[in-house]
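File shown: my_file-v6.cif. Contents: mmCIF, C-alpha atoms.
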data_run
loop_
_atom_site.group_PDB
_atom_site.id
_atom_site.type_symbol
_atom_site.label_atom_id
_atom_site.label_comp_id
_atom_site.auth_asym_id
_atom_site.auth_seq_id
_atom_site.Cartn_x
_atom_site.Cartn_y
_atom_site.Cartn_z
ATOM 1 C CA MET A 1 -4.154 21.113 -31.507
ATOM 2 C CA PRO A 2 -6.974 23.598 -30.929
ATOM 3 C CA GLY A 3 -9.570 22.207 -28.557
ATOM 4 C CA ASN A 4 -7.362 19.330 -27.399
ATOM 5 C CA PRO A 5 -7.286 19.412 -23.577
ATOM 6 C CA TRP A 6 -4.148 17.242 -23.390
ATOM 7 C CA PRO A 7 -1.184 19.524 -22.524
ATOM 8 C CA HIS A 8 1.057 19.722 -25.565
ATOM 9 C CA ASP A 9 4.210 18.874 -23.599
ATOM 10 C CA MET A 10 2.732 16.077 -21.466
ATOM 11 C CA THR A 11 3.845 12.521 -22.158
ATOM 12 C CA MET A 12 2.720 9.502 -20.181
ATOM 13 C CA MET A 13 4.037 5.944 -20.404
ATOM 14 C CA VAL A 14 1.801 3.028 -19.410
ATOM 15 C CA GLU A 15 3.408 -0.365 -18.678
ATOM 16 C CA ASP A 16 0.476 -2.780 -18.532
ATOM 17 C CA ARG A 17 2.418 -6.029 -19.014
ATOM 18 C CA PRO A 18 5.445 -5.656 -16.709
ATOM 19 C CA SER A 19 6.943 -9.084 -17.342
ATOM 20 C CA SER A 20 9.400 -9.117 -14.429
ATOM 21 C CA LEU A 21 6.659 -8.213 -11.949
ATOM 22 C CA LEU A 22 4.298 -10.775 -13.466
ATOM 23 C CA GLU A 23 6.903 -13.499 -13.042
ATOM 24 C CA LEU A 24 7.215 -12.749 -9.346
ATOM 25 C CA LEU A 25 3.444 -12.630 -8.839
ATOM 26 C CA TRP A 26 3.042 -16.016 -10.515
ATOM 27 C CA LEU A 27 5.890 -17.536 -8.521
ATOM 28 C CA ARG A 28 4.484 -16.363 -5.192
ATOM 29 C CA GLU A 29 1.159 -18.116 -5.781
ATOM 30 C CA ALA A 30 2.127 -21.111 -7.911
ATOM 31 C CA HIS A 31 4.748 -22.137 -5.369
ATOM 32 C CA GLY A 32 2.667 -21.159 -2.341
ATOM 33 C CA LEU A 33 5.279 -18.837 -0.891
ATOM 34 C CA ASP A 34 4.494 -17.523 2.570
ATOM 35 C CA VAL A 35 5.733 -14.019 1.820
ATOM 36 C CA GLN A 36 5.825 -11.517 4.681
ATOM 37 C CA GLY A 37 6.328 -7.778 4.531
ATOM 38 C CA GLU A 38 4.748 -4.393 4.196
ATOM 39 C CA LEU A 39 3.111 -3.003 1.059
ATOM 40 C CA LEU A 40 2.853 -6.399 -0.614
ATOM 41 C CA PRO A 41 0.657 -6.575 -3.736
ATOM 42 C CA PRO A 42 -2.716 -8.360 -3.483
ATOM 43 C CA LEU A 43 -3.309 -11.817 -4.911
ATOM 44 C CA LEU A 44 -3.703 -12.269 -8.647
ATOM 45 C CA VAL A 45 -7.118 -12.004 -10.279
ATOM 46 C CA GLU A 46 -6.413 -15.219 -12.194
ATOM 47 C CA THR A 47 -5.006 -17.710 -9.712
ATOM 48 C CA PRO A 48 -2.388 -19.923 -11.392
ATOM 49 C CA THR A 49 -2.462 -23.655 -10.960
ATOM 50 C CA PRO A 50 0.159 -24.994 -8.523
ATOM 51 C CA ALA A 51 3.588 -25.451 -10.054
ATOM 52 C CA GLU A 52 3.991 -28.889 -11.601
ATOM 53 C CA HIS A 53 7.600 -28.955 -10.432
ATOM 54 C CA PRO A 54 7.428 -27.777 -6.804
ATOM 55 C CA VAL A 55 10.439 -27.271 -4.595
ATOM 56 C CA ASP A 56 10.890 -28.704 -1.128
ATOM 57 C CA GLY A 57 9.963 -26.846 2.032
ATOM 58 C CA GLU A 58 13.465 -25.578 2.759
ATOM 59 C CA VAL A 59 13.890 -24.053 -0.691
ATOM 60 C CA ARG A 60 10.375 -22.622 -0.592
ATOM 61 C CA ALA A 61 11.180 -20.893 2.714
ATOM 62 C CA GLU A 62 14.359 -19.448 1.179
ATOM 63 C CA TRP A 63 12.380 -18.190 -1.817
ATOM 64 C CA ALA A 64 9.738 -16.644 0.432
ATOM 65 C CA ALA A 65 12.419 -14.810 2.394
ATOM 66 C CA ALA A 66 14.055 -13.485 -0.792
ATOM 67 C CA TRP A 67 10.819 -12.506 -2.544
ATOM 68 C CA PRO A 68 9.987 -9.144 -0.855
ATOM 69 C CA GLN A 69 13.419 -7.625 -1.408
ATOM 70 C CA LEU A 70 13.459 -8.748 -5.026
ATOM 71 C CA TRP A 71 9.929 -7.389 -5.529
ATOM 72 C CA GLU A 72 11.079 -3.969 -4.332
ATOM 73 C CA ALA A 73 14.100 -4.020 -6.641
ATOM 74 C CA VAL A 74 12.117 -5.148 -9.686
ATOM 75 C CA LEU A 75 9.359 -2.637 -8.958
ATOM 76 C CA ALA A 76 11.876 0.201 -8.674
ATOM 77 C CA HIS A 77 13.297 -0.729 -12.074
ATOM 78 C CA ALA A 78 9.809 -1.018 -13.594
ATOM 79 C CA GLY A 79 9.131 2.538 -12.472
ATOM 80 C CA THR A 80 12.073 3.996 -14.395
ATOM 81 C CA GLU A 81 11.767 5.388 -17.892
ATOM 82 C CA GLY A 82 15.108 4.017 -18.999
ATOM 83 C CA ASP A 83 17.863 5.604 -21.028
ATOM 84 C CA PRO A 84 16.564 6.416 -24.554
ATOM 85 C CA ASP A 85 20.110 6.100 -25.905
ATOM 86 C CA LEU A 86 20.724 2.692 -24.342
ATOM 87 C CA PHE A 87 20.283 0.613 -27.495
ATOM 88 C CA GLU A 88 22.631 2.871 -29.435
ATOM 89 C CA LYS A 89 25.182 2.449 -26.658
ATOM 90 C CA LEU A 90 24.713 -1.317 -26.846
ATOM 91 C CA ARG A 91 25.315 -1.263 -30.588
ATOM 92 C CA LEU A 92 28.652 0.417 -30.020
ATOM 93 C CA THR A 93 29.913 -2.177 -27.525
ATOM 94 C CA ALA A 94 31.640 -5.446 -28.360
ATOM 95 C CA ASP A 95 29.974 -8.826 -27.896
ATOM 96 C CA GLY A 96 30.961 -10.327 -24.564
ATOM 97 C CA SER A 97 32.531 -7.131 -23.274
ATOM 98 C CA PRO A 98 32.072 -5.936 -19.676
ATOM 99 C CA GLU A 99 30.609 -2.711 -21.073
ATOM 100 C CA ARG A 100 27.876 -4.588 -22.927
ATOM 101 C CA ALA A 101 27.150 -6.757 -19.888
ATOM 102 C CA ALA A 102 26.735 -3.647 -17.738
ATOM 103 C CA LEU A 103 24.410 -2.012 -20.267
ATOM 104 C CA LEU A 104 22.310 -5.170 -20.580
ATOM 105 C CA ALA A 105 22.001 -5.370 -16.803
ATOM 106 C CA GLU A 106 20.875 -1.738 -16.761
ATOM 107 C CA ALA A 107 18.284 -2.398 -19.461
ATOM 108 C CA MET A 108 16.890 -5.619 -17.995
ATOM 109 C CA GLY A 109 17.099 -4.732 -14.322
ATOM 110 C CA PRO A 110 17.036 -7.313 -11.521
ATOM 111 C CA SER A 111 15.633 -10.671 -12.521
ATOM 112 C CA ALA A 112 13.788 -13.458 -10.742
ATOM 113 C CA VAL A 113 15.908 -15.903 -12.725
ATOM 114 C CA ASP A 114 19.018 -14.616 -10.948
ATOM 115 C CA VAL A 115 17.499 -15.588 -7.593
ATOM 116 C CA PHE A 116 15.246 -18.568 -8.332
ATOM 117 C CA GLY A 117 17.154 -20.220 -11.172
ATOM 118 C CA PRO A 118 16.799 -20.428 -14.966
ATOM 119 C CA ASP A 119 14.313 -23.309 -15.034
ATOM 120 C CA VAL A 120 11.584 -22.002 -12.732
ATOM 121 C CA PHE A 121 9.590 -20.293 -15.507
ATOM 122 C CA GLY A 122 9.678 -23.350 -17.747
ATOM 123 C CA ASP A 123 6.976 -24.845 -15.527
ATOM 124 C CA PRO A 124 3.765 -25.710 -17.448
ATOM 125 C CA SER A 125 1.761 -23.756 -14.869
ATOM 126 C CA TYR A 126 3.620 -20.578 -15.800
ATOM 127 C CA ARG A 127 3.310 -21.133 -19.537
ATOM 128 C CA VAL A 128 -0.473 -21.610 -19.301
ATOM 129 C CA TRP A 129 -0.936 -18.659 -16.964
ATOM 130 C CA GLU A 130 1.218 -16.387 -19.121
ATOM 131 C CA ARG A 131 -0.607 -17.396 -22.313
ATOM 132 C CA ASN A 132 -3.989 -16.750 -20.718
ATOM 133 C CA GLY A 133 -2.815 -13.343 -19.544
ATOM 134 C CA ILE A 134 -1.543 -12.365 -22.986
ATOM 135 C CA GLU A 135 -4.772 -13.481 -24.636
ATOM 136 C CA ARG A 136 -6.868 -11.524 -22.154
ATOM 137 C CA HIS A 137 -4.648 -8.488 -22.594
ATOM 138 C CA MET A 138 -4.904 -8.587 -26.380
ATOM 139 C CA ALA A 139 -8.682 -9.070 -26.253
ATOM 140 C CA THR A 140 -9.099 -5.821 -24.325
ATOM 141 C CA ARG A 141 -6.305 -3.887 -26.043
ATOM 142 C CA ARG A 142 -8.453 -2.169 -28.653
ATOM 143 C CA GLU A 143 -11.050 -1.057 -26.126
ATOM 144 C CA VAL A 144 -8.386 0.357 -23.800
ATOM 145 C CA LEU A 145 -6.743 2.260 -26.656
ATOM 146 C CA GLU A 146 -10.037 3.682 -27.900
ATOM 147 C CA ASN A 147 -11.210 4.577 -24.394
ATOM 148 C CA SER A 148 -7.911 5.489 -22.776
ATOM 149 C CA PRO A 149 -8.201 5.749 -18.981
ATOM 150 C CA GLU A 150 -5.639 8.549 -19.115
ATOM 151 C CA ARG A 151 -7.803 10.629 -21.450
ATOM 152 C CA ARG A 152 -10.952 9.622 -19.593
ATOM 153 C CA ASP A 153 -9.482 10.896 -16.318
ATOM 154 C CA LEU A 154 -7.390 13.708 -17.747
ATOM 155 C CA GLU A 155 -8.547 16.177 -15.091
ATOM 156 C CA ALA A 156 -6.923 14.000 -12.425
ATOM 157 C CA LEU A 157 -3.924 13.057 -14.556
ATOM 158 C CA ILE A 158 -2.725 16.593 -15.244
ATOM 159 C CA PRO A 159 -2.066 17.507 -11.569
ATOM 160 C CA ALA A 160 -0.251 14.198 -11.087
ATOM 161 C CA TRP A 161 1.884 14.897 -14.167
ATOM 162 C CA ARG A 162 2.668 18.377 -12.856
ATOM 163 C CA ALA A 163 3.784 16.685 -9.628
ATOM 164 C CA GLY A 164 6.232 14.541 -11.628
ATOM 165 C CA LEU A 165 4.246 11.520 -12.819
ATOM 166 C CA THR A 166 5.436 10.191 -16.182
ATOM 167 C CA LYS A 167 4.764 6.453 -15.923
ATOM 168 C CA VAL A 168 1.895 4.211 -14.821
ATOM 169 C CA VAL A 169 2.613 0.538 -14.085
ATOM 170 C CA THR A 170 -0.285 -1.894 -13.706
ATOM 171 C CA ILE A 171 -0.529 -5.397 -12.275
ATOM 172 C CA PRO A 172 -3.402 -7.925 -12.649
ATOM 173 C CA CYS A 173 -4.112 -8.172 -8.924
ATOM 174 C CA ARG A 174 -7.350 -8.008 -6.980
ATOM 175 C CA GLY A 175 -8.873 -4.806 -5.664
ATOM 176 C CA ASP A 176 -6.932 -1.608 -5.090
ATOM 177 C CA HIS A 177 -3.197 -1.376 -4.592
ATOM 178 C CA THR A 178 -1.621 2.012 -5.240
ATOM 179 C CA ARG A 179 2.034 2.805 -4.620
ATOM 180 C CA ARG A 180 4.237 5.661 -5.628
ATOM 181 C CA VAL A 181 7.364 4.264 -7.268
ATOM 182 C CA GLY A 182 10.252 6.673 -7.065
ATOM 183 C CA ASP A 183 9.695 10.257 -8.176
ATOM 184 C CA ASN A 184 7.987 9.594 -11.489
ATOM 185 C CA ALA A 185 5.843 6.454 -11.423
ATOM 186 C CA VAL A 186 2.787 4.949 -9.783
ATOM 187 C CA LEU A 187 1.778 1.296 -9.435
ATOM 188 C CA VAL A 188 -1.930 0.421 -9.597
ATOM 189 C CA THR A 189 -3.968 -2.691 -10.283
ATOM 190 C CA ASP A 190 -5.656 -3.203 -13.645
ATOM 191 C CA GLU A 191 -8.975 -2.982 -11.789
ATOM 192 C CA THR A 192 -8.095 0.447 -10.406
ATOM 193 C CA ARG A 193 -7.067 1.820 -13.794
ATOM 194 C CA ALA A 194 -10.238 0.469 -15.396
ATOM 195 C CA ASP A 195 -12.500 2.233 -12.877
ATOM 196 C CA SER A 196 -12.621 6.017 -13.205
ATOM 197 C CA GLU A 197 -13.379 6.811 -9.576
ATOM 198 C CA ARG A 198 -10.652 4.529 -8.241
ATOM 199 C CA TYR A 199 -8.100 5.674 -10.816
ATOM 200 C CA ARG A 200 -8.764 9.322 -10.010
ATOM 201 C CA ARG A 201 -8.117 8.592 -6.348
ATOM 202 C CA ALA A 202 -4.837 6.891 -7.203
ATOM 203 C CA LEU A 203 -3.715 9.819 -9.357
ATOM 204 C CA ALA A 204 -4.758 12.299 -6.691
ATOM 205 C CA ALA A 205 -2.656 10.387 -4.146
ATOM 206 C CA PHE A 206 0.404 10.917 -6.379
ATOM 207 C CA ALA A 207 -0.335 14.604 -6.852
#
Represent the structure from my file as structure tokens, please.
Amino acid sequence: MPGNPWPHDMTMMVEDRPSSLLELLWLREAHGLDVQGELLPPLLVETPTPAEHPVDGEVRAEWAAAWPQLWEAVLAHAGTEGDPDLFEKLRLTADGSPERAALLAEAMGPSAVDVFGPDVFGDPSYRVWERNGIERHMATRREVLENSPERRDLEALIPAWRAGLTKVVTIPCRGDHTRRVGDNAVLVTDETRADSERYRRALAAFA
């Protein structure tokens, strides 16, 4: 389009409700996990209430030890664009077949449920925290769409895109936390993306 500064062949995906990452962030704080490691994300902006169904100290220590490795695996999957033909491939596989199971695993990626059990996210603390997050997200959705940070900071986005960036993943954590995820994605906090100066710095770091 004449006069449109957005490069005609540039596409950018924004994942601003990465459910698998959100589950892990809630679990770390609601269960008081003493997680150790490098490049860990900051604490959540909205602190969840303690889990109503806590685990004992031994299990909590096991969860804390498993958390960093799972975070890295889930984050790596969140940074991928995925196979655009995956759902068509699923349609062509038989129910219960190994082929379908493999495709579903590829689509869903690693899951906290696989490590921490199927009941952990049935906790009332998680349901309240998740609902509050969805409501807050929906309340700001229109404003974000009308005043897209990517269009606002297009001058910084274009060099990052030329360097390979195709996906931005955000988490509702405090302050700044910027990480390159693979060759094509960057992780930032919602606060960073909302602030032009901070977002430009994060994009420049990718470029």
Explicit residues for the PyMOL selection byres ((chain A and resi 48) around 12) (as JSON, numbers by chain): {"A": [22, 23, 25, 26, 27, 28, 29, 30, 31, 32, 43, 44, 45, 46, 47, 49, 50, 51, 52, 123, 124, 125, 126, 127, 128, 129, 130, 131, 132, 133]}
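With only C-alpha atoms as the basis for measurement, A:Ala207 is the residue among A:Val120, A:Ile134, A:Ala207, A:Met13 that approaches A:Trp161 most closely.
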All file atoms of stretch 149-161 of chain A boxed axis-aligned, 5 Å per side, centre plus edges, as AutoDock Vina command-line options:
--center_x -4.5 --center_y 11.6 --center_z -16.3 --size_x 22.8 --size_y 21.8 --size_z 20.4
Distance criterion (only C-alpha atoms): nearest to A:Ala65 out of A:Pro98, A:Pro159, A:Pro42, A:Val115: A:Val115
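Each of A:Val188, A:Ala204, A:Val113, A:Ala156 was checked against A:Pro18 using all atoms listed in the file; the smallest atom-to-atom distance is that of A:Val188.
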Selection: 8 Å around stretch 66-73 of chain A, all atoms listed in the file, excl. self and same-chain fewer than 4 positions, as an MDAnalysis selection string: chainID A and resid 21 24 28 35:37 40 62 77 110 112 115
Neighbour list for A:Asp9 as a VMD selection string, cut-off 12 Å, only C-alpha atoms, skip fewer than 6 positions in-chain: chain A and resid 1 158 161 to 162 166
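For the pair atom CA of A:Asn147 and atom CA of A:Leu187, the interatomic distance is 20.1 Å.
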Interatomic distance, atom CA of A:Thr178 to atom CA of A:Ala61 (Å, one decimal): 27.4 Å
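Between A:Glu38 and the candidates A:Glu197, A:Leu154, A:Ala163, A:Arg179, the tightest atom-to-atom separation, counting all atoms listed in the file, involves A:Arg179.
Put simply, atom CA of A:Phe116 is 13.1 Å away from atom CA of A:His53.
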Shell of 10 Å around A:Thr192, only C-alpha atoms, local chain residues under 2 positions omitted, as number ranges by chain: A: 170-178, 187-190, 194-202
Residues near A:Val169, cut-off 8 Å, all atoms listed in the file, skip fewer than 6 positions along chain, as number ranges by chain: A: 14-16, 18, 78-79, 185-188
